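Visitor: Quick one: the structure is below, questions incoming.
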Amino acid sequence: MPKLRRAVAWFIDFALVAAAASAIAVLTFHRISALFTDVPELATRGGFDLLTSRGDILRTSEGLGLSLWDRTVLCVEEAFGLLVLVTFLYQWASLALAGRTVGKALTGLKVTPSRPRRAAVRAAVTTTADVAVYALACVLLVEGQFVLSVLVWAVAVLVFLLNALIVLFPGSRSLADRVAGTAVEGLWFSRASATRPARTS
């Protein structure tokens, strides 16, 4: 049952990360839309470049298109970077302040010890396994590095599975727990015995 509770806790926390990713995606969509509304400004600049390029229309139009594409790619890359940062801060702040994330709190689990330094290490490993390597693969894909992106995706899957499946081994500690020197403990198992009336002879 503790392993099932850990799985449920992970799904809850990942749902929160997915909600943050959705909000960042909406923000990024609006940023990119704003870029295209600024096309007249880019066209004006492109017109000036055309005047100073001695009639090299192809080079000027290519520069205008690349400028718009580069800005779009930058917006996407910043969105992935923000998602990684938000995920890390959520994990770190939750563990450092309360000793548990929202998912762990709802399932009666707690990370011990929850000192800020250990919380930061655990949050970094968890963020890397859950989000950061996937984000890097997506950035590489946007940059046109298709083969490298596929390789990084494969690494992302391996790191995720390593972090998750190692919990099934004796000790029930994830890769993040082992690196940070922490453990996940249940808080509900002793309540029944604590509330059960003592027998009288």
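Following the order of the structure tokens, first chain is A, next is B, and so on, with residues numbered from 1 inside each chain and ligands from 1 in the order they appear.
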Could you pull out all residues of segment 64-192 of chain A with a DSSP call of strand (DSSP E or B) and give them as a PDB file with N, CA and C atoms, in the first residue's frame?
Guide:
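Wrote selection05.pdb, looks like this:
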ATOM      1  N   LEU A 109       1.863  11.051   3.324  1.00  0.00           N
ATOM      2  CA  LEU A 109       3.293  10.743   3.241  1.00  0.00           C
ATOM      3  C   LEU A 109       4.113  11.969   3.613  1.00  0.00           C
ATOM      4  N   LYS A 110       5.329  11.731   4.070  1.00  0.00           N
ATOM      5  CA  LYS A 110       6.219  12.827   4.454  1.00  0.00           C
ATOM      6  C   LYS A 110       7.654  12.453   4.102  1.00  0.00           C
ATOM      7  N   VAL A 111       8.428  13.439   3.630  1.00  0.00           N
ATOM      8  CA  VAL A 111       9.833  13.224   3.302  1.00  0.00           C
ATOM      9  C   VAL A 111      10.672  13.603   4.515  1.00  0.00           C
ATOM     10  N   THR A 112      11.551  12.704   4.930  1.00  0.00           N
ATOM     11  CA  THR A 112      12.421  12.981   6.065  1.00  0.00           C
ATOM     12  C   THR A 112      13.872  12.617   5.711  1.00  0.00           C
ATOM     13  N   ALA A 183      14.055   9.861   2.853  1.00  0.00           N
ATOM     14  CA  ALA A 183      13.148   8.715   2.755  1.00  0.00           C
ATOM     15  C   ALA A 183      11.721   9.222   2.856  1.00  0.00           C
ATOM     16  N   VAL A 184      10.795   8.488   2.275  1.00  0.00           N
ATOM     17  CA  VAL A 184       9.375   8.839   2.345  1.00  0.00           C
ATOM     18  C   VAL A 184       8.719   7.925   3.366  1.00  0.00           C
ATOM     19  N   GLU A 185       8.057   8.529   4.334  1.00  0.00           N
ATOM     20  CA  GLU A 185       7.421   7.762   5.405  1.00  0.00           C
ATOM     21  C   GLU A 185       5.923   8.007   5.407  1.00  0.00           C
ATOM     22  N   GLY A 186       5.175   6.982   5.844  1.00  0.00           N
ATOM     23  CA  GLY A 186       3.730   7.116   5.970  1.00  0.00           C
ATOM     24  C   GLY A 186       3.361   7.694   7.318  1.00  0.00           C
TER      25      GLY A 186
END
Visitor: Excluding segment 118-122 of chain A and residues on its chain fewer than 6 positions from it, collect all residues at most 10 Å away from it, counting only C-alpha atoms, and give them as a list in words.
Guide: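 Contacts, with the query itself left out: Phe88, Leu89, Gln91, Trp92, Ala93, Ser94, Leu95, Ala96, Leu97, Gly99, Arg100, Val111, Thr112, Thr128, Ser174, Leu175, Ala176, Asp177, Arg178, Val179, Ala180, Gly181 and Thr182 of chain A.
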Visitor: Given the selection you just returned, output its residues as a file containing C-alpha atoms, formatted as a tab-separated table (two decimals), in the first residue's frame.
Guide:
chain	number	residue	atom	x	y	z
A	88	PHE	CA	11.90	22.85	-9.03
A	89	LEU	CA	10.60	25.70	-6.84
A	91	GLN	CA	9.25	20.67	-5.10
A	92	TRP	CA	11.90	22.51	-3.09
A	93	ALA	CA	9.59	24.93	-1.28
A	94	SER	CA	7.08	22.20	-0.43
A	95	LEU	CA	9.74	19.91	1.01
A	96	ALA	CA	11.74	22.60	2.78
A	97	LEU	CA	8.71	24.28	4.39
A	99	GLY	CA	8.31	18.23	4.43
A	100	ARG	CA	5.85	17.10	1.77
A	111	VAL	CA	9.83	13.22	3.30
A	112	THR	CA	12.42	12.98	6.07
A	128	THR	CA	15.38	16.43	-13.78
A	174	SER	CA	13.53	6.57	-5.30
A	175	LEU	CA	16.68	7.77	-7.06
A	176	ALA	CA	15.91	11.26	-5.70
A	177	ASP	CA	15.75	9.87	-2.15
A	178	ARG	CA	19.00	7.98	-2.53
A	179	VAL	CA	20.88	10.97	-3.95
A	180	ALA	CA	19.48	13.41	-1.36
A	181	GLY	CA	19.71	11.01	1.59
A	182	THR	CA	15.99	11.20	2.32
Visitor: Hey, can you check how far atom CA of Leu162 of chain A sits from atom CA of Leu4 of chain A?
Guide: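 The value is 17.2 Å.
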Visitor: Which is closer to Thr37 of chain A than all the others in A:Ala7, A:Lys104, A:Leu68, A:Tyr90, using only C-alpha atoms?
Guide: A:Leu68
Visitor: Each residue of segment 80-187 of chain A with at least one atom at most 7 Å from segment 11-32 of chain A should appear once, together with its nearest atom pair and the corresponding distance in Å (one decimal); atoms considered: only C-alpha atoms; ordering: chain, then increasing residue number; output as CSV.
Guide:
residue,atom,partner,partner_atom,distance
A:Leu83,CA,A:Ala21,CA,6.2
A:Thr87,CA,A:Val17,CA,6.4
A:Val102,CA,A:Asp13,CA,6.5
A:Gly103,CA,A:Ile12,CA,4.9
Visitor: Please indicate the distance in Å from atom CA of Trp69 of chain A to atom CA of Val155 of chain A, rounded to one decimal place.
Guide: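 Result for atom CA of Trp69 of chain A versus atom CA of Val155 of chain A: 28.1 Å, one decimal.
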